[in-house]
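Student: Can you keep this structure in mind? I'll have questions shortly.
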Amino acid sequence: MGSAQEKRVTHSRAQPVELFLALTPPLGAGFPALAAIYLSVRKGRQLVRGLASDPFFLWWWAILLALGLASAAFASDKGTAVVGVVSAALCFWLYAVGRYLIEDPPAFLRWFMRAVGSLAALGVVEALTKVEVVLSLGKQSLVVMSPAHKGTLFGMGGNGLGPFFLYALVYGLGLLALPRGERASARIRRQVEGLLLFAVSAAAIGLLGIRNAIFGALVGTGVLVAGGFAPWVGALAAGGFGALMALYRPLGERIVAVFGAGAEAGRRMVAASALQMIKEHPFLGVGPHNFLVVYERYRNPQELENLGNPHNSFLRFGSEWGLPAAVLFFGWIYWRLWSAWRAAGRGLKVADSAAALKRVLVAVLVGFTGTFMFDDPLFTFFEVLPFWLLLGLLENPAW
C-alpha cells in the first residue's frame, strides 16, 4: 500500500504513454488496451517483479481462474465460457498495470478525470441537441454522437457511459471537499475544477437519464461523507439530483419506475431466473458468459421482452461462475477497497495529501460498485477497463 508515512501529492507531468492511457478510455477499449500492452512489454521486468512481490494476490486469482475453467468445462457453450475466463484474466492484468507500471498516480488520475469530464460535456450537448454525428472509416463507421440508447458517444450507449460520468462526479466532489492547507490560488483552482467536473457530470447523468450512475454517484458520495469529508458534499449531490428530477420529468419517471410494480417487472423476472440458476448450479454455475446461452430454459413465460440479462452483477456472476467464485471475486474487490480506505485514514488532515486523494479514489470505486445492483458493467470490457486500472492505481507504491 506504499509508504506508511503520508506525503503531499506532487503535480508532475505524466509520461506520454501513461497520459495516452489516461485520456483514451472514454473513446472505447481499443486505444487504452494498446497503451497498456505497450507499457507491459516495455516494463515487463518491472511488472513481473511487482507480481512476484505479492504471492497472495497471485494465489487468489489463480484459484478464481481455476474455478472459472472448471465451470467452463461443464458449460453448455464451452468456447464462450473460456472467453469469459480470459476476460477475468484481462481484468487481473489491468489491475497489475495500474498497480505496478504507472509512475505518477496523481497525474494519471487527474488527466483521466479531465478526459471523462470532457466526455460528460459532450453528453450534455447530445442531450440538449439530439444531434447525430457518424464518422465513416471505409466500410466501418463510428457513432460519435447519437440520441439512440439514451445517448450514444463514441459507440457507447447511456448505460455504458454512466460509470464514466459517476467517476468524474464523485472525484469532483472530492476535490471540492479536500482538506484545506495549500496556497489560496492552488485551492481555488482545485475547487473550480472540482465544481466543473461535478456539475457537468451530474448534468450528463440527469439529462441522459442514466439510473445506474445516479445510484452509484450517491453511494460514492456517501462514502466521501463517511470518510471524514465535509457533510455538505452529500447535500450537494442529493440536492443536485433532486433538482434535476424536479426540472426534468423523464428522469424522475425513470427513477420511480425502479420501484414500480409494472415497468420493471421484466427485470425482476430475469433476476428470479438467475436465482434459479444459482439454486440448481451453486458451486460452478452455468458457465462464464453462458447466462444468455441457457436463459431460455429458465425464462418466465410472462417475461415477454426476452431481456436475457439480470441487470445485477452479483446475480449474473454468481449464476455463471458459481457461489465460491463469486465470494472470492467480490470479496477480493471489497477487501482491497477496505484495506486502502483504512491505510489512507491517517492523512486526511493534510491538505491535498496522497492519503486524502486515495480516499477520494476509494469513494469513486465504491460508487462504481454501487451500479452492480442495477446493471452488470463487469461484463462489458470498455466499462470495466478503467475500474481495474484505478483499483490497481489505488495500491501503486509511487503515491
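Ordering of the C-alpha cells sets the chain letters (A, B, ...), residue numbers begin anew at 1 in every chain, and ligands are numbered from 1 in the order given.
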So which bits of region 22-227 of chain A end up strand (DSSP E or B) when you DSSP the backbone, as a list in words?
Tutor: Val133, Val134, Leu135, Ser136, Leu137, Gln140, Ser141, Leu142, Val143, Val144, Met145, Ser146, Thr152, Leu153 and Met156 of chain A
Student: Generate the output file for the selected residues, N, CA and C atoms, as a short mmCIF file (atom, residue, chain, number, x, y, z; two decimals), in the first residue's frame.
Tutor:
data_model
loop_
_atom_site.label_atom_id
_atom_site.label_comp_id
_atom_site.auth_asym_id
_atom_site.auth_seq_id
_atom_site.Cartn_x
_atom_site.Cartn_y
_atom_site.Cartn_z
N VAL A 133 -23.86 12.38 -35.15
CA VAL A 133 -22.61 12.52 -35.88
C VAL A 133 -22.01 11.14 -36.07
N VAL A 134 -21.82 10.73 -37.31
CA VAL A 134 -21.26 9.41 -37.62
C VAL A 134 -20.00 9.60 -38.45
N LEU A 135 -18.91 9.01 -38.00
CA LEU A 135 -17.64 9.10 -38.70
C LEU A 135 -17.44 7.84 -39.54
N SER A 136 -17.33 8.00 -40.84
CA SER A 136 -17.15 6.86 -41.75
C SER A 136 -15.67 6.57 -41.93
N LEU A 137 -15.30 5.31 -41.72
CA LEU A 137 -13.91 4.86 -41.88
C LEU A 137 -13.89 3.70 -42.86
N GLN A 140 -16.25 0.74 -42.32
CA GLN A 140 -16.65 0.83 -40.93
C GLN A 140 -17.13 2.24 -40.61
N SER A 141 -17.91 2.35 -39.57
CA SER A 141 -18.39 3.66 -39.14
C SER A 141 -18.40 3.72 -37.61
N LEU A 142 -18.17 4.91 -37.08
CA LEU A 142 -18.17 5.13 -35.64
C LEU A 142 -19.22 6.18 -35.31
N VAL A 143 -20.14 5.83 -34.43
CA VAL A 143 -21.17 6.77 -33.99
C VAL A 143 -20.54 7.67 -32.92
N VAL A 144 -20.19 8.89 -33.32
CA VAL A 144 -19.58 9.83 -32.38
C VAL A 144 -20.61 10.38 -31.42
N MET A 145 -21.76 10.77 -31.95
CA MET A 145 -22.87 11.27 -31.14
C MET A 145 -24.18 10.81 -31.74
N SER A 146 -25.11 10.40 -30.88
CA SER A 146 -26.42 9.98 -31.37
C SER A 146 -27.39 9.95 -30.18
N THR A 152 -25.68 8.22 -27.22
CA THR A 152 -24.52 7.42 -27.57
C THR A 152 -23.35 8.33 -27.89
N LEU A 153 -22.19 8.03 -27.30
CA LEU A 153 -20.97 8.78 -27.56
C LEU A 153 -19.85 7.79 -27.86
N MET A 156 -20.61 4.18 -27.39
CA MET A 156 -21.09 3.73 -26.08
C MET A 156 -22.47 4.30 -25.80
#
Student: Pick out the residues sitting within 10 Å of Val83 (chain A), and hand them over as a ChimeraX atom specification; count only C-alpha atoms, and ignore anything fewer than 5 positions along from it in its own chain.
Tutor: /A:72,78,88-89,288-289
Student: Applying 8 Å and only C-alpha atoms, which residues near Thr371 (chain A) remain after dropping the ones on its own chain fewer than 5 positions away? List them as a list of chain:residue names.
Tutor: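 The neighbour list is A:Pro163, A:Asn212, A:Ala213, A:Phe215, A:Gly216, A:Asp376, A:Pro377.
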Student: Pick out the closest residue to Leu391 (chain A) from this set: A:Arg336, A:Arg42, A:Arg359, A:Arg297. Count only C-alpha atoms.
Tutor: A:Arg336
Student: Identify which of the residues A:Trp399, A:Val219, A:Ile210, A:Arg268 lies closest to Met245 (chain A), counting only C-alpha atoms when measuring atom-to-atom distances.
Tutor: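 For Met245 (chain A), the nearest of the candidates is A:Ile210.
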Student: Using backbone DSSP assignments, extract all helix (DSSP H, G or I) residues from region 94-139 of chain A; output them as an NGL selection string.
Tutor: :A and (94-100 or 105-129)
Student: Record the distance separating CA of Gly160 (chain A) and CA of Ala363 (chain A), expressed in Å with one decimal.
Tutor: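 So the answer is 19.6 Å.
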Student: Fewer than 4 positions away in the same chain doesn't count, so skip those; otherwise give me all residues within 12 Å of Asp54 (chain A), counting only C-alpha atoms, as number ranges by chain.
Tutor: A: 1, 47-50, 58-61, 96, 99-100, 395
Student: Generate a file of the selected residues that holds C-alpha atoms, formatted as a tab-separated table (two decimals), in the first residue's frame.
Tutor:
chain	number	residue	atom	x	y	z
A	1	MET	CA	0.00	0.00	0.00
A	47	LEU	CA	5.63	-5.99	-13.95
A	48	VAL	CA	6.98	-9.45	-13.13
A	49	ARG	CA	8.84	-8.17	-10.05
A	50	GLY	CA	5.71	-6.44	-8.83
A	58	LEU	CA	-1.35	-14.45	-7.44
A	59	TRP	CA	-2.76	-17.39	-5.49
A	60	TRP	CA	-6.11	-15.66	-5.04
A	61	TRP	CA	-6.52	-15.06	-8.74
A	96	ALA	CA	-1.40	-5.12	-12.35
A	99	ARG	CA	-0.56	-1.02	-9.59
A	100	TYR	CA	2.97	-1.58	-10.90
A	395	GLU	CA	-2.28	0.42	-4.36
Student: Can you list, as a ChimeraX atom specification, every protein, DNA or RNA residue that comes within 12 Å of Glu193 (chain A) when you count only C-alpha atoms, leaving out same-chain residues fewer than 6 positions away?
Tutor: /A:110-111,113-114,117-118,168-169,171-177,186-187,199-200
Student: So the first atom is CA of Gly79 (chain A) and the second is CA of Phe317 (chain A); what is the distance between them in Å, to one decimal place?
Tutor: 17.5 Å
Student: One decimal, Å: what's the distance from CA of Ile205 (chain A) over to CA of Ala35 (chain A), could you say?
Tutor: 28.3 Å
Student: For Leu385 (chain A), find every residue with an atom within 10 Å (counting only C-alpha atoms), except residues of its own chain fewer than 3 positions away, and show them as a ChimeraX atom specification.
Tutor: /A:25,28-29,32-33,90-91,94-95,377-378,380-382,388-390
Student: My list of candidates is A:Ser353, A:Ala237, A:Ala184, A:Trp335. Which is closest to Phe57 (chain A) when distances are computed with only C-alpha atoms?
Tutor: A:Trp335
Student: Would you kindly return, as a PyMOL selection string, each protein, DNA or RNA residue with an atom no farther than 10 Å from any atom of Leu19 (chain A), considering only C-alpha atoms and excluding same-chain residues fewer than 6 positions away?
Tutor: chain A and resi 13+35+102+104+107-112
Student: How would the residues just picked look written out with C-alpha atoms as a PDB file, in the first residue's frame?
Tutor:
ATOM      1  CA  ARG A  13       3.804  15.582 -15.732  1.00  0.00           C
ATOM      2  CA  ALA A  35      -1.231   1.579 -24.396  1.00  0.00           C
ATOM      3  CA  ILE A 102       2.038   3.846 -13.640  1.00  0.00           C
ATOM      4  CA  ASP A 104       2.725   9.174 -11.420  1.00  0.00           C
ATOM      5  CA  ALA A 107      -1.245  12.905 -12.561  1.00  0.00           C
ATOM      6  CA  PHE A 108      -2.763   9.797 -14.168  1.00  0.00           C
ATOM      7  CA  LEU A 109      -5.899  10.150 -12.065  1.00  0.00           C
ATOM      8  CA  ARG A 110      -6.179  13.870 -12.757  1.00  0.00           C
ATOM      9  CA  TRP A 111      -5.922  13.509 -16.551  1.00  0.00           C
ATOM     10  CA  PHE A 112      -8.271  10.539 -16.639  1.00  0.00           C
TER      11      PHE A 112
END
Student: Pick out the closest residue to Gln276 (chain A) from this set: A:Tyr298, A:Phe291, A:Phe56, A:Phe154. Count only C-alpha atoms.
Tutor: A:Tyr298
Student: Given the choices A:Pro179, A:Pro397, A:Gly234, A:Pro386, which gets closest to Phe165 (chain A) if the distance is worked out from only C-alpha atoms?
Tutor: A:Pro386
Student: Point out the residue among A:Gly285, A:Pro310, A:Gly151, A:Gly242 with the least atom-to-atom distance to Ala272 (chain A), counting only C-alpha atoms.
Tutor: A:Pro310
Student: Can you check which parts of region 232-349 of chain A lie within 12 Å of region 222-226 of chain A? Per residue, the shortest pair of atoms and distance in Å to one decimal, counting only C-alpha atoms, sorted by chain and number, as a tab-separated table.
Tutor:
residue	atom	partner	partner_atom	distance
A:Trp232	CA	A:Val225	CA	8.3
A:Val233	CA	A:Val225	CA	6.9
A:Gly234	CA	A:Gly222	CA	6.3
A:Ala235	CA	A:Val225	CA	9.8
A:Leu236	CA	A:Gly222	CA	11.3
A:Ala237	CA	A:Gly222	CA	9.4
A:Ala238	CA	A:Gly222	CA	10.0
A:Leu337	CA	A:Val223	CA	11.4
A:Trp338	CA	A:Val223	CA	11.3
A:Trp341	CA	A:Val223	CA	10.0
A:Gly345	CA	A:Ala226	CA	11.3
A:Leu348	CA	A:Leu224	CA	11.5
